[in-house]
Structure formats: C-alpha cells, structure tokens
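Have a look at input-v4.tsv; it's TSV, C-alpha atoms:
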chain	number	residue	atom	x	y	z
A	5	MET	CA	12.26	-57.98	-14.30
A	6	ASN	CA	14.78	-57.88	-17.19
A	7	LYS	CA	17.91	-55.71	-17.29
A	8	ALA	CA	16.68	-53.47	-20.16
A	9	PHE	CA	13.51	-52.56	-18.24
A	10	LEU	CA	15.50	-51.69	-15.11
A	11	ILE	CA	17.79	-49.40	-17.12
A	12	LEU	CA	14.77	-47.66	-18.71
A	13	PHE	CA	13.03	-47.30	-15.32
A	14	ALA	CA	16.16	-45.80	-13.73
A	15	SER	CA	16.54	-43.42	-16.67
A	16	LEU	CA	12.97	-42.17	-16.25
A	17	ILE	CA	13.50	-41.57	-12.52
A	18	CYS	CA	16.68	-39.59	-13.19
A	19	ARG	CA	14.91	-37.50	-15.83
A	20	ASN	CA	12.04	-36.76	-13.42
A	21	LEU	CA	14.45	-35.85	-10.64
A	22	ALA	CA	16.39	-33.56	-12.94
A	23	PHE	CA	13.20	-31.83	-14.04
A	24	SER	CA	12.01	-31.50	-10.44
A	25	GLN	CA	15.30	-29.92	-9.42
A	26	ALA	CA	15.08	-27.42	-12.30
A	27	PHE	CA	11.52	-26.56	-11.39
A	28	ILE	CA	12.22	-23.65	-9.03
A	29	ASN	CA	10.04	-20.66	-8.18
A	30	ASN	CA	9.72	-17.73	-5.82
A	31	LEU	CA	6.77	-17.04	-3.53
A	32	VAL	CA	5.89	-13.46	-2.53
A	33	VAL	CA	3.41	-12.69	0.27
A	34	TYR	CA	2.52	-9.14	1.23
A	35	SER	CA	0.01	-7.47	3.51
A	36	GLU	CA	-2.61	-5.21	1.92
A	37	SER	CA	-2.73	-3.04	5.05
A	38	GLY	CA	1.03	-2.94	5.59
A	39	LYS	CA	0.93	-4.96	8.84
A	40	ILE	CA	4.16	-6.83	9.56
A	41	PHE	CA	4.23	-10.63	9.86
A	42	THR	CA	6.47	-13.69	9.94
A	43	LEU	CA	6.12	-16.26	7.15
A	44	TYR	CA	6.64	-20.00	7.64
A	45	LEU	CA	6.80	-22.26	4.59
A	46	ASN	CA	6.58	-26.00	5.23
A	47	ASP	CA	7.41	-25.22	8.90
A	48	GLU	CA	10.58	-23.32	7.90
A	49	LYS	CA	10.83	-19.71	9.10
A	50	ILE	CA	11.43	-17.47	6.08
A	51	ASN	CA	12.01	-13.99	7.57
A	52	GLU	CA	13.80	-13.49	10.88
A	53	LEU	CA	12.36	-10.01	11.42
A	54	PRO	CA	8.64	-9.34	10.80
A	55	GLN	CA	7.97	-7.56	7.48
A	56	SER	CA	4.94	-6.47	5.45
A	57	ASP	CA	6.39	-7.89	2.21
A	58	VAL	CA	8.17	-11.29	2.31
A	59	LYS	CA	9.75	-13.34	-0.47
A	60	ALA	CA	10.61	-17.05	-0.26
A	61	TYR	CA	13.14	-18.36	-2.79
A	62	ASN	CA	13.71	-21.72	-4.51
A	63	ILE	CA	10.21	-23.15	-4.06
A	64	ASN	CA	9.74	-26.59	-5.67
A	65	GLU	CA	6.52	-27.90	-7.17
A	66	GLY	CA	3.87	-29.58	-5.04
A	67	TRP	CA	1.89	-28.65	-1.94
A	68	GLN	CA	3.29	-25.81	0.16
A	69	LYS	CA	2.14	-25.47	3.78
A	70	ILE	CA	1.91	-21.80	4.82
A	71	LYS	CA	1.71	-20.21	8.25
A	72	ILE	CA	1.61	-16.45	8.79
A	73	GLU	CA	2.00	-14.90	12.25
A	74	PHE	CA	1.15	-11.21	12.65
A	75	ASN	CA	3.29	-9.13	14.97
A	76	ASP	CA	1.15	-6.03	15.47
A	77	GLU	CA	0.43	-4.67	18.98
A	78	LYS	CA	-3.29	-5.15	18.45
A	79	ASP	CA	-3.15	-8.08	16.03
A	80	LYS	CA	-1.52	-11.38	16.97
A	81	SER	CA	-3.65	-13.48	14.64
A	82	ILE	CA	-2.36	-16.48	12.66
A	83	ILE	CA	-3.21	-17.64	9.13
A	84	LYS	CA	-2.75	-21.31	8.20
A	85	ASP	CA	-3.20	-22.31	4.57
A	86	SER	CA	-1.66	-24.37	1.78
A	87	ILE	CA	-1.13	-23.85	-1.94
A	88	LEU	CA	-0.40	-26.23	-4.79
A	89	ILE	CA	2.24	-25.39	-7.39
A	90	LYS	CA	1.64	-27.76	-10.28
A	91	GLN	CA	4.49	-29.11	-12.39
A	92	LEU	CA	3.43	-27.31	-15.55
A	93	GLU	CA	5.70	-25.67	-18.10
A	94	LYS	CA	4.02	-22.27	-17.59
A	95	ASN	CA	4.79	-22.49	-13.85
A	96	GLU	CA	8.50	-23.16	-14.27
A	97	ASN	CA	10.79	-20.36	-13.05
A	98	ALA	CA	7.85	-18.12	-12.08
A	99	GLU	CA	7.08	-15.88	-9.13
A	100	PHE	CA	3.74	-16.42	-7.41
A	101	VAL	CA	2.35	-13.37	-5.58
A	102	TYR	CA	-0.20	-13.72	-2.76
A	103	ILE	CA	-1.87	-10.86	-0.88
A	104	ILE	CA	-3.12	-10.90	2.71
A	105	ARG	CA	-6.47	-9.14	2.73
A	106	ASP	CA	-8.02	-7.82	5.92
A	107	ALA	CA	-11.42	-8.59	7.41
A	108	SER	CA	-13.22	-10.66	4.81
A	109	ARG	CA	-16.82	-9.53	4.57
A	110	LYS	CA	-18.05	-12.99	3.63
A	111	LYS	CA	-16.07	-15.25	5.96
A	112	ARG	CA	-15.86	-12.78	8.84
A	113	VAL	CA	-12.23	-13.64	9.57
A	114	PRO	CA	-9.45	-11.17	10.50
A	115	HIS	CA	-7.35	-11.99	7.41
A	116	GLU	CA	-7.35	-14.27	4.39
A	117	LEU	CA	-4.69	-15.27	1.87
A	118	GLU	CA	-5.59	-14.59	-1.76
A	119	PHE	CA	-3.73	-15.31	-5.02
A	120	ASN	CA	-2.77	-12.07	-6.75
A	121	SER	CA	-0.63	-12.73	-9.80
A	122	GLN	CA	2.04	-14.84	-11.46
A	123	ILE	CA	5.02	-12.92	-12.82
A	124	GLU	CA	8.57	-13.54	-13.99
A	125	LEU	CA	11.24	-14.17	-11.38
A	126	SER	CA	12.48	-10.94	-9.80
A	127	GLY	CA	15.61	-10.47	-7.78
A	128	PRO	CA	18.29	-13.12	-7.20
A	129	LEU	CA	17.42	-16.77	-6.66
A	130	ILE	CA	19.34	-16.57	-3.38
A	131	PRO	CA	18.59	-13.59	-1.12
A	132	LYS	CA	21.38	-11.05	-1.35
A	133	ILE	CA	23.53	-10.80	1.77
A	134	PRO	CA	23.59	-7.18	2.96
A	135	ASP	CA	26.77	-5.38	2.04
A	136	PRO	CA	29.16	-4.60	4.89
A	137	PRO	CA	29.17	-0.99	6.14
A	138	LYS	CA	30.52	1.26	3.43
A	139	GLU	CA	33.59	3.35	3.82
A	140	VAL	CA	32.04	6.71	3.07
A	141	ILE	CA	33.63	10.10	2.93
A	142	PRO	CA	31.85	12.14	5.64
A	143	LEU	CA	29.57	14.96	4.61
A	144	VAL	CA	31.45	18.19	4.76
A	145	ASP	CA	29.92	20.37	7.47
A	146	SER	CA	28.29	23.58	6.17
A	147	ALA	CA	28.50	22.29	2.58
A	148	VAL	CA	25.31	22.96	0.59
A	149	TYR	CA	23.95	20.15	-1.59
A	150	GLY	CA	21.87	21.98	-4.17
A	151	ASN	CA	18.31	22.88	-3.15
A	152	LEU	CA	18.01	19.73	-1.05
A	153	TYR	CA	20.07	19.95	2.16
A	154	LYS	CA	23.19	21.18	3.88
A	155	ALA	CA	25.48	19.19	6.16
A	156	ARG	CA	25.69	19.70	9.90
A	157	ASN	CA	27.57	17.36	12.26
A	158	ASN	CA	27.98	14.94	9.37
A	159	ARG	CA	24.19	14.69	8.94
A	160	PRO	CA	21.88	16.18	6.29
A	161	VAL	CA	19.63	19.06	7.32
A	162	PHE	CA	16.89	19.41	4.71
A	163	PHE	CA	15.72	22.82	3.58
A	164	GLU	CA	12.11	23.86	4.39
A	165	ASN	CA	11.15	24.39	0.77
A	166	TYR	CA	7.44	23.47	0.76
A	167	ASN	CA	4.52	25.66	1.89
A	168	VAL	CA	1.63	23.46	3.06
A	169	GLU	CA	-1.04	26.16	2.85
A	170	ASP	CA	-0.62	27.07	-0.82
A	171	GLN	CA	1.03	23.73	-1.79
A	172	LYS	CA	3.90	25.49	-3.53
A	173	CYS	CA	7.68	25.49	-3.26
A	174	LYS	CA	10.19	28.32	-3.17
A	175	THR	CA	12.42	26.33	-5.51
A	176	ASP	CA	11.63	23.23	-7.55
A	177	LEU	CA	14.04	20.30	-7.43
A	178	THR	CA	16.34	19.91	-10.41
A	179	ASP	CA	17.68	16.60	-11.73
A	180	LYS	CA	20.96	17.50	-10.01
A	181	ASP	CA	19.09	17.75	-6.70
A	182	ILE	CA	17.62	14.29	-7.31
A	183	LYS	CA	21.16	12.97	-7.79
A	184	TYR	CA	22.11	14.43	-4.41
A	185	ALA	CA	19.18	12.47	-2.93
A	186	LEU	CA	20.30	9.27	-4.68
A	187	ASN	CA	23.86	9.68	-3.44
A	188	LEU	CA	22.71	10.34	0.12
A	189	VAL	CA	20.55	7.20	0.20
A	190	ASP	CA	23.28	5.14	-1.45
A	191	LYS	CA	25.73	6.16	1.30
A	192	THR	CA	23.31	5.11	4.05
A	193	ASN	CA	23.29	1.54	5.39
A	194	ASP	CA	20.68	2.13	8.07
A	195	PHE	CA	17.21	1.21	6.73
A	196	GLU	CA	15.39	3.71	8.94
A	197	ASP	CA	17.70	6.55	7.85
A	198	ARG	CA	17.19	5.64	4.19
A	199	PHE	CA	13.41	5.77	4.62
A	200	LYS	CA	13.63	9.02	6.62
A	201	TYR	CA	15.82	10.76	4.02
A	202	ILE	CA	13.48	9.77	1.18
A	203	GLY	CA	10.50	10.96	3.24
A	204	LYS	CA	12.18	14.31	3.98
A	205	THR	CA	12.93	14.79	0.29
A	206	ILE	CA	9.30	14.01	-0.56
A	207	ASP	CA	7.67	16.10	2.17
A	208	GLN	CA	9.73	19.28	1.85
A	209	ASN	CA	10.03	19.74	-1.91
A	210	CYS	CA	8.23	19.89	-5.26
A	211	TYR	CA	9.12	17.64	-8.21
A	212	THR	CA	7.85	16.09	-11.44
A	213	THR	CA	6.24	12.64	-11.66
A	214	ALA	CA	9.37	11.33	-13.40
A	215	GLN	CA	11.53	12.55	-10.52
A	216	LEU	CA	9.12	11.02	-8.00
A	217	VAL	CA	9.35	7.61	-9.71
A	218	VAL	CA	13.16	7.75	-9.34
A	219	LEU	CA	12.80	8.44	-5.60
A	220	LEU	CA	10.16	5.74	-5.10
A	221	ASN	CA	12.40	3.16	-6.76
A	222	LEU	CA	14.83	3.64	-3.87
A	223	LEU	CA	12.28	1.87	-1.63
A	224	GLU	CA	12.10	-1.91	-1.42
A	225	ILE	CA	8.68	-2.44	0.18
A	226	GLU	CA	5.69	-1.89	-2.10
A	227	MET	CA	3.38	-0.62	0.65
A	228	ASP	CA	6.00	1.98	1.58
A	229	LYS	CA	6.07	3.12	-2.04
A	230	LEU	CA	2.28	3.49	-2.05
A	231	LYS	CA	2.19	5.50	1.17
A	232	ILE	CA	5.00	7.80	0.01
A	233	ALA	CA	3.34	8.27	-3.41
A	234	GLN	CA	0.09	9.33	-1.73
A	235	ARG	CA	1.97	11.82	0.46
A	236	ALA	CA	3.78	13.16	-2.59
A	237	TYR	CA	0.71	13.96	-4.71
A	238	PRO	CA	0.19	17.59	-3.49
A	239	HIS	CA	3.86	18.27	-4.27
A	240	LEU	CA	3.70	17.21	-7.93
A	241	LYS	CA	4.36	19.98	-10.46
A	242	ASP	CA	2.63	18.01	-13.24
A	243	LYS	CA	-0.43	16.47	-11.56
A	244	ASN	CA	-1.93	15.75	-14.98
A	245	ASN	CA	0.78	13.06	-15.29
A	246	ALA	CA	0.14	11.59	-11.83
A	247	MET	CA	-0.98	8.26	-13.33
A	248	ASP	CA	2.61	7.74	-14.53
A	249	VAL	CA	3.67	7.25	-10.90
A	250	SER	CA	2.12	3.76	-11.09
A	251	LYS	CA	5.22	2.71	-13.09
A	252	ALA	CA	7.07	2.55	-9.77
A	253	PHE	CA	4.83	-0.28	-8.48
A	254	LYS	CA	5.59	-3.93	-9.17
A	255	TYR	CA	2.36	-5.58	-8.04
A	256	PRO	CA	-0.97	-5.08	-9.90
A	257	THR	CA	-2.93	-4.73	-6.65
A	258	ILE	CA	-0.72	-1.86	-5.45
A	259	LYS	CA	-1.17	-0.14	-8.81
A	260	GLU	CA	-4.94	-0.52	-8.42
A	261	GLU	CA	-4.73	1.02	-4.93
A	262	TYR	CA	-2.91	4.04	-6.35
A	263	VAL	CA	-5.40	4.43	-9.20
A	264	ALA	CA	-8.26	4.28	-6.66
A	265	PHE	CA	-6.47	6.97	-4.63
A	266	LEU	CA	-6.30	9.27	-7.67
A	267	LYS	CA	-9.97	8.61	-8.45
A	268	ALA	CA	-10.96	9.51	-4.87
A	269	LEU	CA	-9.07	12.81	-5.21
A	270	SER	CA	-10.90	13.54	-8.46
A	271	ILE	CA	-14.26	12.89	-6.79
A	272	LYS	CA	-13.31	15.15	-3.88
A	273	ARG	CA	-12.50	17.98	-6.30
A	274	ASP	CA	-15.90	17.54	-7.96
A	275	GLN	CA	-17.56	17.57	-4.54
A	276	GLN	CA	-15.86	20.83	-3.63
A	277	LYS	CA	-17.13	22.41	-6.83
A	278	LEU	CA	-20.68	21.84	-5.55
A	279	ASN	CA	-19.96	24.51	-2.90
A	280	CYS	CA	-22.56	22.92	-0.62
A	281	THR	CA	-24.64	25.34	1.45
A	282	VAL	CA	-28.13	23.80	1.21
A	283	PRO	CA	-28.76	20.09	1.97
A	284	LEU	CA	-31.23	17.81	0.21
A	285	SER	CA	-34.86	18.35	1.09
A	286	ASP	CA	-36.51	15.74	3.32
A	287	ASP	CA	-38.24	14.11	0.33
A	288	GLN	CA	-35.05	14.04	-1.75
A	289	PHE	CA	-33.08	12.60	1.14
A	290	GLU	CA	-35.68	9.91	1.80
A	291	THR	CA	-35.34	8.73	-1.80
A	292	VAL	CA	-31.56	8.45	-1.40
A	293	PHE	CA	-31.90	6.77	2.01
A	294	GLN	CA	-34.25	4.04	0.74
A	295	ALA	CA	-32.07	3.40	-2.31
A	296	VAL	CA	-28.97	2.87	-0.15
A	297	LYS	CA	-30.95	0.74	2.30
A	298	LYS	CA	-32.00	-1.70	-0.44
A	299	VAL	CA	-28.41	-2.61	-1.36
A	300	PRO	CA	-27.89	-6.09	0.16
A	301	ASN	CA	-24.21	-6.31	1.23
A	302	GLU	CA	-21.83	-3.95	3.01
A	303	TYR	CA	-19.29	-3.63	0.20
A	304	ASP	CA	-21.82	-2.71	-2.49
A	305	LYS	CA	-23.75	-0.54	-0.05
A	306	THR	CA	-20.61	1.46	0.77
A	307	LYS	CA	-19.77	1.85	-2.90
A	308	PHE	CA	-23.32	2.93	-3.78
A	309	GLY	CA	-23.60	5.23	-0.74
A	310	LYS	CA	-20.36	7.02	-1.63
A	311	LYS	CA	-21.67	7.44	-5.17
A	312	GLN	CA	-24.61	9.43	-3.74
A	313	LEU	CA	-22.07	11.84	-2.20
A	314	GLU	CA	-20.70	12.87	-5.58
A	315	THR	CA	-23.66	14.99	-6.70
A	316	ASN	CA	-25.71	15.82	-3.58
A	317	CYS	CA	-25.31	17.98	-0.46
A	318	TYR	CA	-26.26	16.81	3.05
A	319	ASN	CA	-26.39	18.04	6.62
A	320	CYS	CA	-24.76	16.05	9.42
A	321	ALA	CA	-28.08	14.63	10.65
A	322	GLN	CA	-28.67	13.11	7.20
A	323	ILE	CA	-25.14	11.67	7.10
A	324	ALA	CA	-25.71	10.15	10.56
A	325	ARG	CA	-28.88	8.41	9.33
A	326	LEU	CA	-27.03	6.98	6.33
A	327	MET	CA	-24.19	5.79	8.58
A	328	GLY	CA	-26.79	3.87	10.58
A	329	LEU	CA	-27.41	1.66	7.52
A	330	PHE	CA	-23.94	0.11	7.83
A	331	ALA	CA	-23.36	-2.77	10.23
A	332	HIS	CA	-19.65	-2.24	10.84
A	333	ASP	CA	-17.55	0.69	11.99
A	334	ARG	CA	-15.14	0.25	9.09
A	335	GLU	CA	-17.78	1.05	6.46
A	336	LYS	CA	-19.23	3.85	8.60
A	337	LEU	CA	-15.80	5.44	8.87
A	338	GLU	CA	-15.12	5.17	5.15
A	339	PHE	CA	-18.51	6.70	4.30
A	340	ALA	CA	-18.23	9.51	6.87
A	341	ARG	CA	-14.76	10.53	5.70
A	342	SER	CA	-15.99	10.68	2.10
A	343	SER	CA	-18.87	12.97	3.06
A	344	PHE	CA	-16.94	15.91	4.54
A	345	SER	CA	-16.78	17.99	1.35
A	346	VAL	CA	-20.56	17.85	0.80
A	347	VAL	CA	-21.68	18.55	4.39
A	348	THR	CA	-23.35	21.93	4.80
A	349	ASP	CA	-22.89	22.28	8.59
A	350	LYS	CA	-19.23	21.31	9.05
A	351	THR	CA	-19.21	22.70	12.62
A	352	ASN	CA	-21.30	19.67	13.59
A	353	PHE	CA	-19.17	17.14	11.73
A	354	GLU	CA	-17.24	15.89	14.76
A	355	LYS	CA	-20.55	14.89	16.37
A	356	LEU	CA	-20.67	12.01	13.88
A	357	ALA	CA	-18.12	10.29	16.12
A	358	GLU	CA	-21.06	9.23	18.30
A	359	GLU	CA	-22.30	6.97	15.47
A	360	PHE	CA	-19.35	4.57	15.89
A	361	GLN	CA	-19.57	1.55	18.14
A	362	PHE	CA	-15.91	1.36	19.19
A	363	SER	CA	-13.90	4.09	20.91
A	364	GLU	CA	-10.90	3.23	18.74
A	365	THR	CA	-12.86	4.11	15.60
A	366	LYS	CA	-14.13	7.31	17.19
A	367	GLY	CA	-10.56	8.32	17.92
A	368	GLU	CA	-9.44	7.51	14.37
A	369	PHE	CA	-12.33	9.59	12.96
A	370	LEU	CA	-11.62	12.61	15.16
A	371	LYS	CA	-7.91	12.40	14.37
A	372	SER	CA	-8.58	12.33	10.63
A	373	ILE	CA	-10.86	15.39	10.65
A	374	SER	CA	-8.41	17.33	12.83
A	375	LYS	CA	-5.94	17.06	9.95
Rewrite the coordinates I just gave you, this time as structure tokens.
Amino acid sequence: MNKAFLILFASLICRNLAFSQAFINNLVVYSESGKIFTLYLNDEKINELPQSDVKAYNINEGWQKIKIEFNDEKDKSIIKDSILIKQLEKNENAEFVYIIRDASRKKRVPHELEFNSQIELSGPLIPKIPDPPKEVIPLVDSAVYGNLYKARNNRPVFFENYNVEDQKCKTDLTDKDIKYALNLVDKTNDFEDRFKYIGKTIDQNCYTTAQLVVLLNLLEIEMDKLKIAQRAYPHLKDKNNAMDVSKAFKYPTIKEEYVAFLKALSIKRDQQKLNCTVPLSDDQFETVFQAVKKVPNEYDKTKFGKKQLETNCYNCAQIARLMGLFAHDREKLEFARSSFSVVTDKTNFEKLAEEFQFSETKGEFLKSISK
C-alpha cells in the first residue's frame, strides 16, 4: 500500500469523523396521557426523576436503543424499542419528537412508541443547570397586587374573582395583573409552587386568549399546558378567539388534542340546543343501532356512534344498548360521557355505570357525572 493512498485514506476517515461529530440531534419523548416515566437511551438513564416529557441531548446518528419505564401506581409497564437516525443532511441538527400512545387497539399492548414530528432544535444543546435560589425581596404583608392577590405571611392569597355558576368575573384581569403573575412565578424556585400559582390565576379569574397564552408559556411541560388550557376555556372573555390558544403548544399532536377539545365543546353546545325531551322511536333507534353495529373496529365505531349523538335524542335504556356494542370499557366510557346532553331521562343516567366491566371504570364514570 503506497504512501499517497494511506494519506488519502486517513484524510477520508478524519473527514467522516468530523462530520459524525457535527451530526448532533435532540430526542424528545412525551406521554400522550401525561403519565410519568424514566427514559433510557443506549442503556444510559436520561432523567433522574420520572417526567411526562423528556428530552435527550446530543444524539449522534445511527441506531438508538430506547427503554421507557413507567412510574405510575397502577402502571409499571416497560417499553423497549429502537430507532434509526440516518446520516442525512436534512437530519443534521434536528429534534426528533416521539409520542407514547396508550392501549393500541391493533396490537393490544399497554403503550407503543410512535414518531410524531421532526422540528428544529429547541432549547440549549446542554441541559440548563437550575439557577441557585434567588435572593428575592419578600412580599410585603397586606400589600395588594392589582386584581390578582394580596400578601399574607409572605405568601400570595388569590382573590376569589370567578363565579362558577354564571362563568363570570367581578373584575377582568388587566395586562398589569398579568405582569404581577409573571413576577410572582419568576420569583418562585419551587416547581410545585409555580404550577400552583399559575393554576390559581387561571381558576379564579377571567382573561383574554392573548393573556392566557402568556400564562401558558410559563409552563414547561406540554401536557400541563393542555390541561390548564382546557380548564381555562370557561374563563375566556373572547371565546371566539379560543383557537389562538394553540399558539402556546410546541408539538403538533398537542395542538390537535386542543382542537379536538374545542370541537367537542361545539358539539355539546349543539346537543344542548336540541333540548331533548322525547327519545327516538323504537324503529328509529333500531336503524341507528344496526348502523353502529356494522362498523367493524372499535375506533371507527366510537367515532360513528358519537356522530349519532349530535342530532338525535335517546333514553338511558337506548344508550345502554349502544354501549353494549363496544368491547372495551374505554370506548363505553367515552360514548356514555358524550351522550349526557341528549339523554331525556337524566335521573337514570348513573345507572349506566352497570354497563362497565371494571369497578375502576364505574367509579370514573360516576365521578365525572357528579361534576
């Protein structure tokens, strides 16, 4: 082997190594249901404390071995999988987002890992080390911070500004009030306190969609943003702009979840306009029953069955028969919850709990209708 060839060969290796070192990505894995988990990548533990949204930094190209351990009281399952990040120009310096979906209908497994999207790198390449506790001037006791809260024993006490029954507020939040909320959260190092203060601001006040987006952007976990946004909807002063809240979400799947939430609310409003007092006749119901029965799989059957609830009224006995067409409690629960607005004999609605196979689902159903 001549000297010139060796020099060329060594040069090619160095170029490949340099390219490989520059080929760095992030990997994001989050749980659709918000369950917390620990992520292992190539046998390396990524997050010390279980989270529902985990990011791994500086991922090189090639095969990546993934293990996910759930840390829920009732769910200790484990996912083992692997993904291939190819050394392509379009994959360089990208962020790959994977979602953990629950209970696959086809594979009948507790969870499965599914590719969601590829986006630009977000956040620092190296996880930011938490700042040391801040030297903060204590809240002045008895001082009033706009329409939001007053201080007592160096803690915020939020004003009861929201009336649940008529979904109205005594006083709407101003942009100055929002700044008080931002300052309060910024002064707080404790994660639980931060989340609690944002929740209190959301639950006890009224605000515009633009103000809500500002508050949501204080949260780091996407599933937390979604849950807070759903809680905030009745408090919005400009509900016609509610779709703008989706600007606060980073992941496409979370945005889709929020859009589906708004659509469900729209359907519920249409159902209530039916003012159901008389159910379908036996012949009319039989037509609906047979049509739902013919749909082959659970997902499509649930979707089609819920569609029949948008324009028709039913009694509880008819809803119970339709629930019997679904094989699993999950679909039965989803269908039953969607039917409440079009049931003519609501005093019998809790009896539908007997249609569920598992006591846990019965309890969840009864708890939801009590609210």
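The residues that lie within 7 Å of the point (-1.1, -2.0, 0.9), counting all atoms listed in the file, are A:Ser35, A:Glu36, A:Ser37, A:Gly38, A:Met227, A:Ile258.
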Report, in Å with one decimal, the straight-line distance from CA of Lys355 (chain A) to CA of Phe289 (chain A).
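Result for CA of Lys355 (chain A) versus CA of Phe289 (chain A): 19.9 Å, one decimal.
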Between CA of Asp304 (chain A) and CA of Leu329 (chain A), what is the distance, to one decimal in Å?
12.3 Å
Record the distance separating CA of Gln361 (chain A) and CA of Val299 (chain A), expressed in Å with one decimal.
21.8 Å
Dump as a VMD selection string all residues having an atom at most 12 Å from (-11.2, 8.7, -5.4), computed in the file's coordinates with only C-alpha atoms.
chain A and resid 234 260 to 275 307 310 to 311 313 to 314 338 341 to 342
Nearest to Asp228 (chain A) among A:Phe253, A:Val101, A:Asn244, A:Asn120, with distances taken over all atoms listed in the file: which residue is it?
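Nearest to Asp228 (chain A): A:Phe253.
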Best match for closeness to Phe369 (chain A) among A:Ala252, A:Leu337, A:Leu220, A:Val347, counting only C-alpha atoms
A:Leu337
Selection near region 116-119 of chain A, 6 Å with only C-alpha atoms, sequence-local residues under 5 positions removed, as a list of chain:residue names:
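Listed by chain and then number, they are A:Tyr102, A:Ile103, A:Ile104, A:Arg105.
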My list of candidates is A:Asp176, A:Lys229, A:Glu335, A:Phe362. Which is closest to Phe199 (chain A) when distances are computed with only C-alpha atoms?
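The shortest atom-to-atom distance to Phe199 (chain A) comes from A:Lys229.
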